[in-house]
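In what follows, a single structure is set out as structure tokens and then discussed.
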Amino acid sequence: MNGLNKGLGKVEVAVKWDPSPAGEPPTDLDLVAATYAANDPQGDPAYLVYFDSRSPDGTISLSRDSKDGKGFGWDEVMSLELDRLSDGYARVLVGVVIQQRAGERTFLRVANPALRVREGYDVLAEDDFGQVPQSTAATVAEFVRDDSGAWTFRQGVQGFEDDPADFARVMGRTRRS
């Protein structure tokens, strides 16, 4: 790696939302990260990180998981130690999925959803999913290793209408510009 181009180190992706109104089923949003091999950055994920899991090397983990949005502050928090990730990986994509146990729910029907991506105290992106109201899932952050080996951030929210299991499989196939 070029010593003058540090790139990103440890990044945090967080989502929050308000609980469902009384009498409605709970709303459950989940963060999911997909890591792609350097020799196939647009192919199938090498591995996924989501609730109750972490990356094999411990560089990507979910430190907070809510099933109903009743937490204080950020309900779901994922840490990505990009600077420790093996050179064998060139791309990490992070998404948010709305669990569909109680029937189809889109971002339009989630009370006050919010997203924050930051490195240390520097906020890299914030969003409210307002551009994808009819989606049941969305990619929210893309991290790509450049030619020098440094990690860069590509901002943007892209909506999907897939089942959570299908979303994890296809989330990396559509590349954002």
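Residues are referred to by chain and number: the chain letter is A, B, ... according to the order shown in the structure tokens, the number counts from 1 in that chain, and ligands are numbered separately from 1 in the order shown.
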Taking only C-alpha atoms into account, produce a table as CSV in which each residue of segment 86-168 of chain A with an atom at most 9 Å from an atom of segment 32-52 of chain A appears once, together with its shortest atom pair and the distance in Å to one decimal, ordered by chain and rising number.
residue,atom,partner,partner_atom,distance
A:Asp87,CA,A:Ala38,CA,7.5
A:Gly88,CA,A:Ala38,CA,5.3
A:Tyr89,CA,A:Ala37,CA,4.3
A:Ala90,CA,A:Ala38,CA,4.4
A:Arg91,CA,A:Tyr36,CA,5.1
A:Val92,CA,A:Thr35,CA,4.5
A:Leu93,CA,A:Ala34,CA,5.2
A:Val94,CA,A:Ala33,CA,4.3
A:Gly95,CA,A:Val32,CA,5.3
A:Val96,CA,A:Val32,CA,6.2
A:Val97,CA,A:Val32,CA,7.5
A:Arg145,CA,A:Ala38,CA,8.7
A:Ala168,CA,A:Ala34,CA,7.5
Completion exercise
Residue with the minimum atom-to-atom distance to Glu12 of chain A, picked from A:Leu85, A:Met78, A:Val140, A:Ile60 with only C-alpha atoms counted, is A:Met78
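Once Val110 of chain A and its same-chain neighbours fewer than 3 positions away are set aside, Trp17, Asp18, Pro19, Ser20, Pro26, Thr27, Asp28, Leu29, Gly69, Ile98, Arg105, Thr106, Phe107, Pro113, Ala114, Phe129 and Pro133 of chain A remain within 10 Å of it when counting only C-alpha atoms.
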Atoms to include: N, CA, C and O atoms. Write the selected residues as a PDB file, in the first residue's frame.
ATOM      1  N   TRP A  17     -34.817   3.035  13.777  1.00  0.00           N
ATOM      2  CA  TRP A  17     -36.200   3.241  13.385  1.00  0.00           C
ATOM      3  C   TRP A  17     -37.038   3.250  14.653  1.00  0.00           C
ATOM      4  O   TRP A  17     -36.602   2.799  15.709  1.00  0.00           O
ATOM      5  N   ASP A  18     -38.237   3.797  14.541  1.00  0.00           N
ATOM      6  CA  ASP A  18     -39.152   3.821  15.676  1.00  0.00           C
ATOM      7  C   ASP A  18     -39.948   2.519  15.708  1.00  0.00           C
ATOM      8  O   ASP A  18     -40.222   1.916  14.659  1.00  0.00           O
ATOM      9  N   PRO A  19     -40.367   2.106  16.907  1.00  0.00           N
ATOM     10  CA  PRO A  19     -41.188   0.886  17.004  1.00  0.00           C
ATOM     11  C   PRO A  19     -42.511   1.039  16.250  1.00  0.00           C
ATOM     12  O   PRO A  19     -42.995   2.148  16.032  1.00  0.00           O
ATOM     13  N   SER A  20     -43.096  -0.079  15.892  1.00  0.00           N
ATOM     14  CA  SER A  20     -44.408  -0.091  15.238  1.00  0.00           C
ATOM     15  C   SER A  20     -45.462   0.464  16.193  1.00  0.00           C
ATOM     16  O   SER A  20     -45.339   0.317  17.412  1.00  0.00           O
ATOM     17  N   PRO A  26     -44.189  -6.078  15.126  1.00  0.00           N
ATOM     18  CA  PRO A  26     -42.935  -5.323  15.217  1.00  0.00           C
ATOM     19  C   PRO A  26     -42.236  -5.195  13.866  1.00  0.00           C
ATOM     20  O   PRO A  26     -42.369  -6.061  13.002  1.00  0.00           O
ATOM     21  N   THR A  27     -41.526  -4.102  13.706  1.00  0.00           N
ATOM     22  CA  THR A  27     -40.711  -3.863  12.517  1.00  0.00           C
ATOM     23  C   THR A  27     -39.286  -4.290  12.840  1.00  0.00           C
ATOM     24  O   THR A  27     -38.733  -3.893  13.859  1.00  0.00           O
ATOM     25  N   ASP A  28     -38.688  -5.100  11.964  1.00  0.00           N
ATOM     26  CA  ASP A  28     -37.343  -5.617  12.189  1.00  0.00           C
ATOM     27  C   ASP A  28     -36.486  -5.347  10.957  1.00  0.00           C
ATOM     28  O   ASP A  28     -36.701  -5.938   9.900  1.00  0.00           O
ATOM     29  N   LEU A  29     -35.538  -4.429  11.081  1.00  0.00           N
ATOM     30  CA  LEU A  29     -34.565  -4.155  10.028  1.00  0.00           C
ATOM     31  C   LEU A  29     -33.263  -4.838  10.394  1.00  0.00           C
ATOM     32  O   LEU A  29     -32.903  -4.879  11.574  1.00  0.00           O
ATOM     33  N   GLY A  69     -36.927  -2.146  17.061  1.00  0.00           N
ATOM     34  CA  GLY A  69     -36.681  -0.707  17.053  1.00  0.00           C
ATOM     35  C   GLY A  69     -36.884  -0.039  18.399  1.00  0.00           C
ATOM     36  O   GLY A  69     -36.959   1.189  18.468  1.00  0.00           O
ATOM     37  N   ILE A  98     -35.609  -5.475   5.406  1.00  0.00           N
ATOM     38  CA  ILE A  98     -36.768  -5.459   6.298  1.00  0.00           C
ATOM     39  C   ILE A  98     -37.294  -6.888   6.365  1.00  0.00           C
ATOM     40  O   ILE A  98     -37.656  -7.466   5.337  1.00  0.00           O
ATOM     41  N   ARG A 105     -43.608  -5.478   4.080  1.00  0.00           N
ATOM     42  CA  ARG A 105     -43.417  -4.141   4.640  1.00  0.00           C
ATOM     43  C   ARG A 105     -42.307  -3.474   3.836  1.00  0.00           C
ATOM     44  O   ARG A 105     -41.259  -4.056   3.630  1.00  0.00           O
ATOM     45  N   THR A 106     -42.560  -2.268   3.388  1.00  0.00           N
ATOM     46  CA  THR A 106     -41.574  -1.484   2.643  1.00  0.00           C
ATOM     47  C   THR A 106     -41.049  -0.360   3.542  1.00  0.00           C
ATOM     48  O   THR A 106     -41.573  -0.136   4.644  1.00  0.00           O
ATOM     49  N   PHE A 107     -40.032   0.359   3.069  1.00  0.00           N
ATOM     50  CA  PHE A 107     -39.480   1.464   3.860  1.00  0.00           C
ATOM     51  C   PHE A 107     -40.532   2.541   4.127  1.00  0.00           C
ATOM     52  O   PHE A 107     -40.458   3.232   5.139  1.00  0.00           O
ATOM     53  N   PRO A 113     -37.151   5.677   9.661  1.00  0.00           N
ATOM     54  CA  PRO A 113     -35.880   4.969   9.475  1.00  0.00           C
ATOM     55  C   PRO A 113     -34.747   5.963   9.222  1.00  0.00           C
ATOM     56  O   PRO A 113     -34.958   7.027   8.631  1.00  0.00           O
ATOM     57  N   ALA A 114     -33.567   5.611   9.688  1.00  0.00           N
ATOM     58  CA  ALA A 114     -32.389   6.468   9.480  1.00  0.00           C
ATOM     59  C   ALA A 114     -31.154   5.589   9.333  1.00  0.00           C
ATOM     60  O   ALA A 114     -31.080   4.494   9.891  1.00  0.00           O
ATOM     61  N   PHE A 129     -33.916   6.730   3.717  1.00  0.00           N
ATOM     62  CA  PHE A 129     -34.552   5.764   2.821  1.00  0.00           C
ATOM     63  C   PHE A 129     -35.713   6.372   2.035  1.00  0.00           C
ATOM     64  O   PHE A 129     -36.512   5.654   1.451  1.00  0.00           O
ATOM     65  N   PRO A 133     -38.921   4.291  -1.152  1.00  0.00           N
ATOM     66  CA  PRO A 133     -40.058   4.015  -0.270  1.00  0.00           C
ATOM     67  C   PRO A 133     -40.761   2.691  -0.535  1.00  0.00           C
ATOM     68  O   PRO A 133     -41.320   2.099   0.390  1.00  0.00           O
TER      69      PRO A 133
END
Practice task
Show which residues sit within 10 Å of Arg154 of chain A, as a PyMOL selection string. Count only C-alpha atoms, and ignore same-chain residues fewer than 3 positions away.
Solution key: chain A and resi 93+124-125+140-144+157+176-177
Go ahead and write the residues just picked, N, CA and C atoms, as a PDB file, in the first residue's frame.
ATOM      1  N   LEU A  93     -20.031  -4.766   0.398  1.00  0.00           N
ATOM      2  CA  LEU A  93     -21.300  -4.078   0.188  1.00  0.00           C
ATOM      3  C   LEU A  93     -22.155  -4.287   1.438  1.00  0.00           C
ATOM      4  N   LEU A 124     -19.678   9.892   6.998  1.00  0.00           N
ATOM      5  CA  LEU A 124     -19.483   9.740   5.556  1.00  0.00           C
ATOM      6  C   LEU A 124     -20.808   9.848   4.807  1.00  0.00           C
ATOM      7  N   ALA A 125     -21.904   9.424   5.448  1.00  0.00           N
ATOM      8  CA  ALA A 125     -23.223   9.475   4.791  1.00  0.00           C
ATOM      9  C   ALA A 125     -24.318   9.365   5.836  1.00  0.00           C
ATOM     10  N   VAL A 140     -26.701   0.193   1.017  1.00  0.00           N
ATOM     11  CA  VAL A 140     -26.521   1.523   1.600  1.00  0.00           C
ATOM     12  C   VAL A 140     -25.078   2.014   1.581  1.00  0.00           C
ATOM     13  N   ALA A 141     -24.130   1.129   1.381  1.00  0.00           N
ATOM     14  CA  ALA A 141     -22.722   1.521   1.361  1.00  0.00           C
ATOM     15  C   ALA A 141     -21.920   0.500   0.571  1.00  0.00           C
ATOM     16  N   GLU A 142     -20.994   1.013  -0.219  1.00  0.00           N
ATOM     17  CA  GLU A 142     -20.089   0.146  -0.974  1.00  0.00           C
ATOM     18  C   GLU A 142     -18.665   0.603  -0.688  1.00  0.00           C
ATOM     19  N   PHE A 143     -17.828  -0.321  -0.279  1.00  0.00           N
ATOM     20  CA  PHE A 143     -16.429  -0.051  -0.002  1.00  0.00           C
ATOM     21  C   PHE A 143     -15.603  -0.839  -1.011  1.00  0.00           C
ATOM     22  N   VAL A 144     -14.684  -0.151  -1.687  1.00  0.00           N
ATOM     23  CA  VAL A 144     -13.910  -0.763  -2.756  1.00  0.00           C
ATOM     24  C   VAL A 144     -12.430  -0.479  -2.517  1.00  0.00           C
ATOM     25  N   VAL A 157     -27.952   4.947  -1.878  1.00  0.00           N
ATOM     26  CA  VAL A 157     -28.927   3.945  -1.467  1.00  0.00           C
ATOM     27  C   VAL A 157     -29.617   3.438  -2.717  1.00  0.00           C
ATOM     28  N   ARG A 176     -23.610   0.180  -8.656  1.00  0.00           N
ATOM     29  CA  ARG A 176     -23.950   1.599  -8.670  1.00  0.00           C
ATOM     30  C   ARG A 176     -22.880   2.375  -9.390  1.00  0.00           C
ATOM     31  N   SER A 177     -23.292   3.444 -10.053  1.00  0.00           N
ATOM     32  CA  SER A 177     -22.296   4.270 -10.755  1.00  0.00           C
ATOM     33  C   SER A 177     -21.808   5.387  -9.899  1.00  0.00           C
TER      34      SER A 177
END
Exercise for the section: Using DSSP on the backbone coordinates, identify all residues within chain A classified as strand (DSSP E); present the result as number ranges by chain. Expected result: A: 10-16, 29-37, 47-49, 60-64, 76-81, 89-98, 114-119, 122-127, 137-145, 151-160
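Ranking A:Leu115, A:Met171, A:Ala150, A:Leu82 by their shortest atom-to-atom distance to Thr59 of chain A, with only C-alpha atoms included, puts A:Leu82 first.
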Practice task
Extract, using only C-alpha atoms, all DNA, RNA and protein residues at most 7 Å from Val13 of chain A, discarding same-chain residues fewer than 6 positions from it, and format them as a list in words.
Solution key: Val77, Met78, Ser79, Arg116, Val117 and Arg118 of chain A
Would you mind exporting the chosen residues as a PDB file, in the first residue's frame, restricted to C-alpha atoms?
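Writing done, so here's again.pdb:
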ATOM      1  CA  VAL A  77     -24.676  -1.260  14.403  1.00  0.00           C
ATOM      2  CA  MET A  78     -22.106  -3.023  12.204  1.00  0.00           C
ATOM      3  CA  SER A  79     -18.338  -2.454  12.435  1.00  0.00           C
ATOM      4  CA  ARG A 116     -25.472   6.661   9.252  1.00  0.00           C
ATOM      5  CA  VAL A 117     -22.079   5.615   7.877  1.00  0.00           C
ATOM      6  CA  ARG A 118     -19.040   6.965   9.691  1.00  0.00           C
TER       7      ARG A 118
END
Exercise for the section: Quick one: pull the distance between atom CA of Ala137 of chain A and atom CA of Gly172 of chain A, Å, one decimal. Expected result: 12.6 Å
Practice task
Tell me, as a ChimeraX atom specification, which residues lie within 7 Å of Gln158 of chain A, counting only C-alpha atoms; anything in the same chain fewer than 2 positions away does not count.
Solution key: /A:138-140,156,160
Let me see the file: selected residues, C-alpha atoms, as a JSON list (two decimals), in the first residue's frame.
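Result file part_39.json:
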[["chain", "number", "residue", "atom", "x", "y", "z"],
["A", 138, "ALA", "CA", -31.56, -1.56, 0.04],
["A", 139, "THR", "CA", -27.82, -1.44, -0.41],
["A", 140, "VAL", "CA", -26.52, 1.52, 1.60],
["A", 156, "GLY", "CA", -25.79, 5.87, -2.31],
["A", 160, "PHE", "CA", -34.60, -3.85, -4.01]]
